[in-house]
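Asks: The following file, input_37.cif, comprises mmCIF, N, CA and C atoms:
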```cif
data_model
loop_
_atom_site.label_atom_id
_atom_site.label_comp_id
_atom_site.auth_asym_id
_atom_site.auth_seq_id
_atom_site.Cartn_x
_atom_site.Cartn_y
_atom_site.Cartn_z
N MET A 333 0.82 -1.19 0.00
CA MET A 333 0.00 0.00 0.00
C MET A 333 0.86 1.26 0.00
N GLU A 334 1.88 1.30 0.89
CA GLU A 334 2.78 2.46 0.94
C GLU A 334 3.57 2.59 -0.35
N TYR A 335 3.96 1.47 -0.92
CA TYR A 335 4.71 1.48 -2.17
C TYR A 335 3.86 2.12 -3.28
N ARG A 336 2.61 1.74 -3.34
CA ARG A 336 1.70 2.30 -4.35
C ARG A 336 1.49 3.79 -4.14
N GLN A 337 1.38 4.23 -2.89
CA GLN A 337 1.24 5.65 -2.59
C GLN A 337 2.50 6.41 -3.01
N ALA A 338 3.65 5.81 -2.79
CA ALA A 338 4.91 6.44 -3.20
C ALA A 338 4.98 6.54 -4.72
N GLU A 339 4.52 5.52 -5.42
CA GLU A 339 4.50 5.58 -6.88
C GLU A 339 3.58 6.69 -7.37
N LEU A 340 2.41 6.81 -6.75
CA LEU A 340 1.47 7.86 -7.13
C LEU A 340 2.05 9.24 -6.86
N ARG A 341 2.71 9.39 -5.72
CA ARG A 341 3.33 10.69 -5.38
C ARG A 341 4.43 11.03 -6.39
N LEU A 342 5.22 10.02 -6.78
CA LEU A 342 6.27 10.24 -7.77
C LEU A 342 5.67 10.67 -9.10
N GLU A 343 4.60 10.03 -9.52
CA GLU A 343 3.93 10.40 -10.77
C GLU A 343 3.36 11.81 -10.68
N GLN A 344 2.84 12.20 -9.52
CA GLN A 344 2.35 13.56 -9.33
C GLN A 344 3.48 14.57 -9.44
N LEU A 345 4.64 14.23 -8.88
CA LEU A 345 5.80 15.13 -8.97
C LEU A 345 6.25 15.29 -10.42
N TYR A 346 6.30 14.17 -11.17
CA TYR A 346 6.67 14.26 -12.58
C TYR A 346 5.70 15.17 -13.34
N THR A 347 4.42 15.00 -13.08
CA THR A 347 3.41 15.83 -13.75
C THR A 347 3.57 17.30 -13.35
N GLN A 348 3.82 17.54 -12.08
CA GLN A 348 4.00 18.91 -11.60
C GLN A 348 5.21 19.56 -12.25
N ILE A 349 6.30 18.83 -12.36
CA ILE A 349 7.51 19.39 -12.97
C ILE A 349 7.29 19.66 -14.45
N ARG A 350 6.61 18.74 -15.14
CA ARG A 350 6.31 18.97 -16.55
C ARG A 350 5.48 20.24 -16.73
N MET A 351 4.50 20.43 -15.86
CA MET A 351 3.67 21.64 -15.93
C MET A 351 4.48 22.90 -15.65
N GLN A 352 5.39 22.82 -14.70
CA GLN A 352 6.25 23.97 -14.40
C GLN A 352 7.12 24.32 -15.60
N VAL A 353 7.65 23.31 -16.27
CA VAL A 353 8.49 23.56 -17.46
C VAL A 353 7.65 24.19 -18.57
N VAL A 354 6.47 23.65 -18.82
CA VAL A 354 5.59 24.20 -19.86
C VAL A 354 5.22 25.64 -19.53
N ASN A 355 4.85 25.90 -18.29
CA ASN A 355 4.49 27.26 -17.87
C ASN A 355 5.68 28.21 -18.00
N ALA A 356 6.87 27.74 -17.64
CA ALA A 356 8.06 28.59 -17.74
C ALA A 356 8.38 28.89 -19.20
N GLN A 357 8.22 27.91 -20.08
CA GLN A 357 8.47 28.15 -21.50
C GLN A 357 7.44 29.13 -22.07
N PHE A 358 6.20 28.99 -21.65
CA PHE A 358 5.15 29.91 -22.09
C PHE A 358 5.45 31.33 -21.63
N ALA A 359 5.84 31.47 -20.36
CA ALA A 359 6.18 32.79 -19.83
C ALA A 359 7.37 33.39 -20.58
N LEU A 360 8.35 32.56 -20.90
CA LEU A 360 9.53 33.04 -21.62
C LEU A 360 9.16 33.52 -23.03
N THR A 361 8.27 32.80 -23.68
CA THR A 361 7.80 33.21 -25.01
C THR A 361 7.08 34.55 -24.93
N ASN A 362 6.22 34.70 -23.93
CA ASN A 362 5.51 35.97 -23.75
C ASN A 362 6.48 37.11 -23.43
N ASP A 363 7.46 36.83 -22.58
CA ASP A 363 8.43 37.86 -22.22
C ASP A 363 9.26 38.30 -23.43
N ARG A 364 9.62 37.33 -24.27
CA ARG A 364 10.40 37.66 -25.47
C ARG A 364 9.58 38.57 -26.38
N ALA A 365 8.29 38.27 -26.53
CA ALA A 365 7.42 39.11 -27.34
C ALA A 365 7.28 40.50 -26.73
N GLN A 366 7.22 40.57 -25.40
CA GLN A 366 7.12 41.86 -24.72
C GLN A 366 8.39 42.70 -24.93
N VAL A 367 9.54 42.04 -24.91
CA VAL A 367 10.80 42.75 -25.17
C VAL A 367 10.80 43.31 -26.59
N GLN A 368 10.38 42.50 -27.55
CA GLN A 368 10.35 42.97 -28.94
C GLN A 368 9.37 44.13 -29.11
N ALA A 369 8.23 44.05 -28.46
CA ALA A 369 7.25 45.15 -28.54
C ALA A 369 7.81 46.40 -27.88
N SER A 370 8.52 46.24 -26.77
CA SER A 370 9.10 47.39 -26.07
C SER A 370 10.19 48.05 -26.90
N VAL A 371 10.97 47.25 -27.62
CA VAL A 371 12.00 47.81 -28.49
C VAL A 371 11.35 48.64 -29.59
N ALA A 372 10.28 48.10 -30.19
CA ALA A 372 9.57 48.84 -31.24
C ALA A 372 8.96 50.13 -30.70
N ALA A 373 8.39 50.05 -29.49
CA ALA A 373 7.79 51.25 -28.89
C ALA A 373 8.86 52.31 -28.59
N GLU A 374 10.03 51.86 -28.14
CA GLU A 374 11.11 52.81 -27.87
C GLU A 374 11.58 53.47 -29.17
N ASP A 375 11.72 52.68 -30.22
CA ASP A 375 12.11 53.25 -31.52
C ASP A 375 11.10 54.29 -32.00
N PHE A 376 9.82 53.95 -31.87
CA PHE A 376 8.78 54.88 -32.27
C PHE A 376 8.83 56.17 -31.45
N ALA A 377 9.02 56.02 -30.14
CA ALA A 377 9.09 57.20 -29.27
C ALA A 377 10.29 58.07 -29.63
N GLN A 378 11.42 57.44 -29.97
CA GLN A 378 12.61 58.20 -30.36
C GLN A 378 12.36 58.95 -31.67
N GLN A 379 11.74 58.29 -32.64
CA GLN A 379 11.43 58.94 -33.91
C GLN A 379 10.44 60.09 -33.71
N SER A 380 9.46 59.89 -32.85
CA SER A 380 8.48 60.96 -32.57
C SER A 380 9.16 62.15 -31.92
N LEU A 381 10.08 61.89 -31.00
CA LEU A 381 10.82 62.98 -30.36
C LEU A 381 11.66 63.73 -31.38
N ASP A 382 12.36 63.00 -32.24
CA ASP A 382 13.19 63.64 -33.26
C ASP A 382 12.33 64.53 -34.17
N ALA A 383 11.16 64.02 -34.56
CA ALA A 383 10.27 64.79 -35.43
C ALA A 383 9.77 66.04 -34.71
N GLU A 384 9.43 65.90 -33.44
CA GLU A 384 8.92 67.06 -32.68
C GLU A 384 10.01 68.11 -32.49
N GLN A 385 11.25 67.66 -32.29
CA GLN A 385 12.36 68.61 -32.14
C GLN A 385 12.60 69.37 -33.46
N LYS A 386 12.47 68.67 -34.58
CA LYS A 386 12.63 69.33 -35.87
C LYS A 386 11.53 70.37 -36.08
N LYS A 387 10.30 70.00 -35.70
CA LYS A 387 9.19 70.95 -35.80
C LYS A 387 9.44 72.17 -34.93
N LEU A 388 10.00 71.96 -33.74
CA LEU A 388 10.28 73.07 -32.84
C LEU A 388 11.30 74.01 -33.47
N LYS A 389 12.34 73.45 -34.10
CA LYS A 389 13.35 74.29 -34.75
C LYS A 389 12.76 75.11 -35.89
N LEU A 390 11.72 74.56 -36.52
CA LEU A 390 11.08 75.27 -37.63
C LEU A 390 9.96 76.19 -37.15
N GLY A 391 9.67 76.15 -35.85
CA GLY A 391 8.65 77.02 -35.29
C GLY A 391 7.24 76.46 -35.38
N ALA A 392 7.11 75.17 -35.69
CA ALA A 392 5.79 74.58 -35.85
C ALA A 392 5.37 73.77 -34.63
N SER A 393 6.12 73.87 -33.54
CA SER A 393 5.78 73.11 -32.33
C SER A 393 6.12 73.95 -31.11
N THR A 394 5.84 73.39 -29.95
CA THR A 394 6.14 74.10 -28.71
C THR A 394 7.04 73.23 -27.84
N THR A 395 7.64 73.87 -26.87
CA THR A 395 8.51 73.12 -25.96
C THR A 395 7.70 72.13 -25.13
N ALA A 396 6.44 72.45 -24.87
CA ALA A 396 5.58 71.54 -24.10
C ALA A 396 5.38 70.23 -24.87
N LEU A 397 5.22 70.32 -26.19
CA LEU A 397 5.06 69.10 -26.99
C LEU A 397 6.35 68.30 -27.04
N VAL A 398 7.47 69.00 -27.10
CA VAL A 398 8.76 68.31 -27.09
C VAL A 398 8.95 67.60 -25.75
N LEU A 399 8.61 68.28 -24.66
CA LEU A 399 8.72 67.65 -23.34
C LEU A 399 7.81 66.44 -23.22
N ALA A 400 6.63 66.52 -23.81
CA ALA A 400 5.71 65.38 -23.78
C ALA A 400 6.31 64.20 -24.54
N GLN A 401 6.97 64.47 -25.65
CA GLN A 401 7.62 63.39 -26.41
C GLN A 401 8.81 62.81 -25.64
N GLU A 402 9.54 63.69 -24.94
CA GLU A 402 10.64 63.20 -24.12
C GLU A 402 10.13 62.30 -23.00
N ARG A 403 8.99 62.68 -22.44
CA ARG A 403 8.37 61.86 -21.39
C ARG A 403 7.95 60.51 -21.96
N SER A 404 7.38 60.52 -23.16
CA SER A 404 6.98 59.27 -23.81
C SER A 404 8.19 58.36 -24.05
N LEU A 405 9.30 58.96 -24.46
CA LEU A 405 10.52 58.19 -24.68
C LEU A 405 11.04 57.60 -23.36
N ALA A 406 10.99 58.38 -22.30
CA ALA A 406 11.45 57.89 -21.00
C ALA A 406 10.58 56.72 -20.52
N ILE A 407 9.29 56.82 -20.74
CA ILE A 407 8.38 55.73 -20.36
C ILE A 407 8.68 54.49 -21.20
N ALA A 408 8.93 54.67 -22.49
CA ALA A 408 9.24 53.54 -23.36
C ALA A 408 10.55 52.87 -22.93
N GLU A 409 11.55 53.67 -22.56
CA GLU A 409 12.82 53.11 -22.09
C GLU A 409 12.62 52.33 -20.79
N ASP A 410 11.80 52.88 -19.89
CA ASP A 410 11.50 52.19 -18.64
C ASP A 410 10.80 50.86 -18.90
N ASN A 411 9.85 50.87 -19.83
CA ASN A 411 9.14 49.63 -20.18
C ASN A 411 10.09 48.59 -20.76
N LEU A 412 11.05 49.04 -21.55
CA LEU A 412 12.02 48.11 -22.13
C LEU A 412 12.89 47.49 -21.04
N ILE A 413 13.30 48.30 -20.10
CA ILE A 413 14.10 47.78 -18.98
C ILE A 413 13.30 46.76 -18.18
N SER A 414 12.05 47.07 -17.92
CA SER A 414 11.18 46.15 -17.17
C SER A 414 10.97 44.85 -17.94
N ALA A 415 10.78 44.94 -19.25
CA ALA A 415 10.57 43.75 -20.07
C ALA A 415 11.83 42.88 -20.08
N ASN A 416 12.99 43.51 -20.19
CA ASN A 416 14.25 42.74 -20.17
C ASN A 416 14.46 42.08 -18.81
N ALA A 417 14.10 42.77 -17.75
CA ALA A 417 14.25 42.19 -16.41
C ALA A 417 13.32 41.00 -16.23
N ALA A 418 12.08 41.12 -16.68
CA ALA A 418 11.13 40.01 -16.57
C ALA A 418 11.60 38.81 -17.39
N TYR A 419 12.14 39.08 -18.58
CA TYR A 419 12.65 38.01 -19.43
C TYR A 419 13.82 37.29 -18.76
N ALA A 420 14.75 38.07 -18.20
CA ALA A 420 15.90 37.47 -17.53
C ALA A 420 15.47 36.66 -16.31
N LYS A 421 14.50 37.17 -15.57
CA LYS A 421 14.01 36.46 -14.38
C LYS A 421 13.35 35.14 -14.77
N ASP A 422 12.50 35.18 -15.78
CA ASP A 422 11.83 33.95 -16.20
C ASP A 422 12.79 32.96 -16.85
N ARG A 423 13.81 33.47 -17.54
CA ARG A 423 14.82 32.57 -18.13
C ARG A 423 15.59 31.86 -17.02
N ALA A 424 15.95 32.61 -15.98
CA ALA A 424 16.64 32.00 -14.85
C ALA A 424 15.75 30.98 -14.14
N GLY A 425 14.45 31.29 -14.05
CA GLY A 425 13.51 30.35 -13.45
C GLY A 425 13.40 29.07 -14.25
N LEU A 426 13.42 29.18 -15.57
CA LEU A 426 13.38 27.98 -16.41
C LEU A 426 14.64 27.14 -16.22
N TYR A 427 15.80 27.81 -16.19
CA TYR A 427 17.05 27.08 -15.95
C TYR A 427 17.00 26.37 -14.60
N GLN A 428 16.43 27.04 -13.61
CA GLN A 428 16.32 26.45 -12.28
C GLN A 428 15.40 25.23 -12.32
N THR A 429 14.27 25.37 -12.98
CA THR A 429 13.32 24.26 -13.07
C THR A 429 13.95 23.08 -13.81
N LEU A 430 14.70 23.36 -14.86
CA LEU A 430 15.34 22.29 -15.62
C LEU A 430 16.63 21.80 -14.95
N ALA A 431 17.04 22.49 -13.90
CA ALA A 431 18.28 22.17 -13.18
C ALA A 431 19.48 22.21 -14.13
N THR A 432 19.52 23.24 -14.99
CA THR A 432 20.61 23.37 -15.95
C THR A 432 21.37 24.68 -15.80
N THR A 433 21.17 25.36 -14.69
CA THR A 433 21.81 26.67 -14.52
C THR A 433 23.33 26.56 -14.60
N LEU A 434 23.90 25.62 -13.87
CA LEU A 434 25.36 25.49 -13.85
C LEU A 434 25.90 25.12 -15.22
N GLN A 435 25.26 24.18 -15.89
CA GLN A 435 25.73 23.77 -17.22
C GLN A 435 25.59 24.90 -18.22
N HIS A 436 24.51 25.67 -18.12
CA HIS A 436 24.30 26.77 -19.06
C HIS A 436 25.42 27.81 -18.98
N TYR A 437 25.87 28.08 -17.78
CA TYR A 437 26.91 29.09 -17.60
C TYR A 437 28.31 28.49 -17.55
N GLY A 438 28.44 27.22 -17.87
CA GLY A 438 29.76 26.60 -17.96
C GLY A 438 30.46 26.47 -16.62
N ILE A 439 29.70 26.24 -15.55
CA ILE A 439 30.29 26.11 -14.23
C ILE A 439 30.43 24.63 -13.91
N ASN A 440 31.66 24.21 -13.63
CA ASN A 440 31.93 22.82 -13.31
C ASN A 440 31.95 22.70 -11.80
N LEU A 441 30.98 22.00 -11.24
CA LEU A 441 30.84 21.89 -9.80
C LEU A 441 32.01 21.16 -9.16
N ALA A 442 32.54 20.16 -9.86
CA ALA A 442 33.68 19.41 -9.31
C ALA A 442 34.90 20.31 -9.17
N GLU A 443 35.14 21.15 -10.17
CA GLU A 443 36.27 22.09 -10.10
C GLU A 443 36.07 23.08 -8.96
N ALA A 444 34.85 23.60 -8.84
CA ALA A 444 34.56 24.58 -7.79
C ALA A 444 34.74 23.95 -6.41
N ALA A 445 34.32 22.71 -6.25
CA ALA A 445 34.44 22.04 -4.96
C ALA A 445 35.90 21.77 -4.61
N SER A 446 36.72 21.48 -5.63
CA SER A 446 38.13 21.20 -5.36
C SER A 446 38.93 22.47 -5.11
N GLY A 447 38.39 23.61 -5.54
CA GLY A 447 39.09 24.88 -5.35
C GLY A 447 40.03 25.22 -6.48
N VAL A 448 40.12 24.37 -7.49
CA VAL A 448 40.99 24.60 -8.64
C VAL A 448 40.10 24.71 -9.88
N VAL A 449 39.87 25.92 -10.32
CA VAL A 449 38.99 26.15 -11.47
C VAL A 449 39.86 26.34 -12.70
N ARG A 450 39.68 25.43 -13.66
CA ARG A 450 40.49 25.48 -14.89
C ARG A 450 39.76 26.16 -16.04
N THR A 451 38.43 26.12 -16.02
CA THR A 451 37.65 26.72 -17.09
C THR A 451 36.87 27.91 -16.54
N ASN A 452 36.91 29.01 -17.26
CA ASN A 452 36.19 30.21 -16.83
C ASN A 452 34.71 30.05 -17.12
N PRO A 453 33.85 30.45 -16.18
CA PRO A 453 32.40 30.41 -16.43
C PRO A 453 32.02 31.38 -17.54
N LEU A 454 30.89 31.13 -18.18
CA LEU A 454 30.41 31.95 -19.29
C LEU A 454 29.26 32.84 -18.86
N VAL A 455 29.42 33.53 -17.74
CA VAL A 455 28.37 34.39 -17.22
C VAL A 455 28.52 35.77 -17.85
N PRO A 456 27.49 36.25 -18.59
CA PRO A 456 27.60 37.55 -19.24
C PRO A 456 27.80 38.68 -18.23
N GLY A 457 28.73 39.54 -18.53
CA GLY A 457 28.98 40.70 -17.68
C GLY A 457 29.86 40.43 -16.48
N VAL A 458 30.34 39.20 -16.35
CA VAL A 458 31.20 38.85 -15.22
C VAL A 458 32.54 38.38 -15.76
N GLY A 459 33.60 38.94 -15.21
CA GLY A 459 34.94 38.56 -15.64
C GLY A 459 35.73 38.01 -14.48
N PRO A 460 36.95 37.60 -14.75
CA PRO A 460 37.78 37.09 -13.67
C PRO A 460 38.03 38.16 -12.62
N ALA A 461 38.23 37.73 -11.40
CA ALA A 461 38.48 38.67 -10.30
C ALA A 461 39.81 39.37 -10.52
N LYS A 462 39.84 40.62 -10.14
CA LYS A 462 41.07 41.40 -10.27
C LYS A 462 41.77 41.40 -8.92
N ASP A 463 43.06 41.50 -8.98
CA ASP A 463 43.85 41.54 -7.75
C ASP A 463 43.63 42.90 -7.11
N THR A 464 43.00 42.91 -5.94
CA THR A 464 42.67 44.18 -5.27
C THR A 464 43.62 44.49 -4.13
N ARG A 465 44.62 43.64 -3.99
CA ARG A 465 45.59 43.91 -2.91
C ARG A 465 46.38 45.16 -3.26
N GLU A 466 46.64 45.94 -2.25
CA GLU A 466 47.42 47.15 -2.46
C GLU A 466 48.89 46.76 -2.56
N PRO A 467 49.65 47.46 -3.40
CA PRO A 467 51.07 47.14 -3.48
C PRO A 467 51.74 47.43 -2.15
N SER A 468 52.71 46.62 -1.82
CA SER A 468 53.38 46.83 -0.53
C SER A 468 54.13 48.15 -0.56
N MET A 469 54.02 48.85 0.52
CA MET A 469 54.66 50.15 0.62
C MET A 469 56.05 49.95 1.21
N THR A 470 57.03 50.14 0.38
CA THR A 470 58.40 50.04 0.88
C THR A 470 58.88 51.44 1.22
N PRO A 471 59.54 51.56 2.34
CA PRO A 471 60.00 52.89 2.72
C PRO A 471 61.03 53.39 1.71
N PRO A 472 61.01 54.70 1.44
CA PRO A 472 61.99 55.24 0.50
C PRO A 472 63.41 55.02 1.03
N SER A 473 64.29 54.76 0.10
CA SER A 473 65.67 54.52 0.53
C SER A 473 66.31 55.85 0.94
N THR A 474 67.14 55.78 1.97
CA THR A 474 67.83 57.00 2.44
C THR A 474 69.19 57.10 1.77
N ARG A 475 69.58 58.26 1.46
CA ARG A 475 70.88 58.47 0.79
C ARG A 475 71.91 58.90 1.74
#
```
Please express what this file holds, its structure, as C-alpha cells.

Replies:
Amino acid sequence: MEYRQAELRLEQLYTQIRMQVVNAQFALTNDRAQVQASVAAEDFAQQSLDAEQKKLKLGASTTALVLAQERSLAIAEDNLISANAAYAKDRAGLYQTLATTLQHYGINLAEAASGVVRTNPLVPGVGPAKDTREPSMTPPSTR
C-alpha cells in the first residue's frame, strides 16, 4: 500500500515538474514578445521625439510638446528595462526548473568544490576577479 502511494506521489511530482516547465516556456515566449514590442515602442518614441524637435526648430511646435515626447521616450525606455528584467528572471527560473543553470553558464561543480577552477564560467557581464591587494609600501631609501 505504501509502495503504491509512493509511486502515485512520484507520478504527481513528474506531472507537476512537466507543468512547471511548460508554464516557464510559455512565460519566456511571452516575455520575449514583450521585449520585442518594447524595443519597437522605444524606436517609435525616439522617432516621434526627433520629429517634434525638428518641428520646434522650424517654429511649428512648442517646448511643451517636445517635453511630452521626451516623457513618452522615458516611459518607453523604462518599459524596455522592465521587459528585459522580466525576461531574464523567467529565463533563470526555467534554468532552475530544468536544473541546468550550472551547465548553461559553464560552471563545473567538481572544479569549484576542489578549489581549482580550470575553465572560466560563461556568465555575461562577469569577468575574472582582479587583484585588489594594495602594493606593498616600501620605505623610501635614504641616501

Asks: How big is the axis-aligned box, and where does its centre sit, when it encloses all atoms of region 343-362 of chain A listed in the file and has 8 Å added on every side, reported in Å to one decimal as AutoDock Vina command-line options?

Replies:
```
--center_x 5.9 --center_y 23.6 --center_z -16.9 --size_x 23.2 --size_y 43.1 --size_z 32.1
```

Asks: What gap, in Å, lies between atom N of Val354 (chain A) and atom N of Leu430 (chain A)?

Replies: 9.1 Å

Asks: What residues come out when you apply the PyMOL selection byres (((chain A and resi 401 and name CA) around 12) and name CA) to this file, written as JSON, numbers by chain?

Replies: {"A": [374, 376, 377, 378, 379, 380, 381, 382, 383, 384, 385, 388, 393, 394, 395, 396, 397, 398, 399, 400, 402, 403, 404, 405, 406, 407, 408]}

Asks: Go through A:Thr432, A:Gly438, A:Lys421, A:Asn416 one by one, measure the shortest atom-to-atom distance of each to Val367 (chain A) using only N, CA and C atoms, and give the residue with the smallest value.

Replies: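 Closest residue, counting only N, CA and C atoms: A:Asn416.
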
Asks: Name all residues at most 8 Å from Thr451 (chain A) (count all atoms listed in the file; drop same-chain ones fewer than 4 positions away) and give them as number ranges by chain.

Replies: A: 438-440, 443

Asks: DSSP on the backbone: what in chain A comes out alpha helix (DSSP H), as a PyMOL selection string?

Replies: chain A and resi 334-390+395-430+433-436+441-446

Asks: Between atom C of Ala420 (chain A) and atom N of Arg450 (chain A), what distance in Å does the model show, to one decimal?

Replies: 26.8 Å

Asks: Tell me, in Å to one decimal, how far atom C of Arg336 (chain A) is from CA of Gln348 (chain A).

Replies: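 Separation between atom C of Arg336 (chain A) and CA of Gln348 (chain A): 17.0 Å.
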
Asks: Here is a test: counting only N, CA and C atoms, which residue of A:Val448, A:Leu454, A:Ala415, A:Leu434 is nearest to Gln368 (chain A)?

Replies: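 Answer, going by the shortest atom-to-atom distance: A:Ala415.
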
Asks: Is it possible to get the residues within 10 Å of (10.1, 46.4, -26.5) (coordinates as in the file, counting only C-alpha atoms) written as a compact mmCIF listing (two decimals) with N, CA and C atoms, in the frame of the given file?

Replies:
```txt
# COMPACT_ATOMS: atom_id res chain seq x y z
N ASP A 363 7.46 36.83 -22.58
CA ASP A 363 8.43 37.86 -22.22
C ASP A 363 9.26 38.30 -23.43
N ARG A 364 9.62 37.33 -24.27
CA ARG A 364 10.40 37.66 -25.47
C ARG A 364 9.58 38.57 -26.38
N ALA A 365 8.29 38.27 -26.53
CA ALA A 365 7.42 39.11 -27.34
C ALA A 365 7.28 40.50 -26.73
N GLN A 366 7.22 40.57 -25.40
CA GLN A 366 7.12 41.86 -24.72
C GLN A 366 8.39 42.70 -24.93
N VAL A 367 9.54 42.04 -24.91
CA VAL A 367 10.80 42.75 -25.17
C VAL A 367 10.80 43.31 -26.59
N GLN A 368 10.38 42.50 -27.55
CA GLN A 368 10.35 42.97 -28.94
C GLN A 368 9.37 44.13 -29.11
N ALA A 369 8.23 44.05 -28.46
CA ALA A 369 7.25 45.15 -28.54
C ALA A 369 7.81 46.40 -27.88
N SER A 370 8.52 46.24 -26.77
CA SER A 370 9.10 47.39 -26.07
C SER A 370 10.19 48.05 -26.90
N VAL A 371 10.97 47.25 -27.62
CA VAL A 371 12.00 47.81 -28.49
C VAL A 371 11.35 48.64 -29.59
N ALA A 372 10.28 48.10 -30.19
CA ALA A 372 9.57 48.84 -31.24
C ALA A 372 8.96 50.13 -30.70
N ALA A 373 8.39 50.05 -29.49
CA ALA A 373 7.79 51.25 -28.89
C ALA A 373 8.86 52.31 -28.59
N GLU A 374 10.03 51.86 -28.14
CA GLU A 374 11.11 52.81 -27.87
C GLU A 374 11.58 53.47 -29.17
N ASP A 375 11.72 52.68 -30.22
CA ASP A 375 12.11 53.25 -31.52
C ASP A 375 11.10 54.29 -32.00
N ALA A 408 8.93 54.67 -22.49
CA ALA A 408 9.24 53.54 -23.36
C ALA A 408 10.55 52.87 -22.93
N GLU A 409 11.55 53.67 -22.56
CA GLU A 409 12.82 53.11 -22.09
C GLU A 409 12.62 52.33 -20.79
N ASP A 410 11.80 52.88 -19.89
CA ASP A 410 11.50 52.19 -18.64
C ASP A 410 10.80 50.86 -18.90
N ASN A 411 9.85 50.87 -19.83
CA ASN A 411 9.14 49.63 -20.18
C ASN A 411 10.09 48.59 -20.76
N LEU A 412 11.05 49.04 -21.55
CA LEU A 412 12.02 48.11 -22.13
C LEU A 412 12.89 47.49 -21.04
N ILE A 413 13.30 48.30 -20.10
CA ILE A 413 14.10 47.78 -18.98
C ILE A 413 13.30 46.76 -18.18
N SER A 414 12.05 47.07 -17.92
CA SER A 414 11.18 46.15 -17.17
C SER A 414 10.97 44.85 -17.94
N ALA A 415 10.78 44.94 -19.25
CA ALA A 415 10.57 43.75 -20.07
C ALA A 415 11.83 42.88 -20.08
N ASN A 416 12.99 43.51 -20.19
CA ASN A 416 14.25 42.74 -20.17
C ASN A 416 14.46 42.08 -18.81
```

Asks: Once you count only N, CA and C atoms, which residues end up no further than 6.5 Å from (8.8, 29.1, -14.5) in the file's frame, shown as a PyMOL selection string?

Replies: chain A and resi 352-353+355-357+422+425-426

Asks: Restricting it to N, CA and C atoms, dump the selection as a compact mmCIF listing (two decimals), keeping the file's coordinate frame.

Replies:
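Contents of the output file out_12.txt:
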```txt
# COMPACT_ATOMS: atom_id res chain seq x y z
N GLN A 352 5.39 22.82 -14.70
CA GLN A 352 6.25 23.97 -14.40
C GLN A 352 7.12 24.32 -15.60
N VAL A 353 7.65 23.31 -16.27
CA VAL A 353 8.49 23.56 -17.46
C VAL A 353 7.65 24.19 -18.57
N ASN A 355 4.85 25.90 -18.29
CA ASN A 355 4.49 27.26 -17.87
C ASN A 355 5.68 28.21 -18.00
N ALA A 356 6.87 27.74 -17.64
CA ALA A 356 8.06 28.59 -17.74
C ALA A 356 8.38 28.89 -19.20
N GLN A 357 8.22 27.91 -20.08
CA GLN A 357 8.47 28.15 -21.50
C GLN A 357 7.44 29.13 -22.07
N ASP A 422 12.50 35.18 -15.78
CA ASP A 422 11.83 33.95 -16.20
C ASP A 422 12.79 32.96 -16.85
N GLY A 425 14.45 31.29 -14.05
CA GLY A 425 13.51 30.35 -13.45
C GLY A 425 13.40 29.07 -14.25
N LEU A 426 13.42 29.18 -15.57
CA LEU A 426 13.38 27.98 -16.41
C LEU A 426 14.64 27.14 -16.22
```
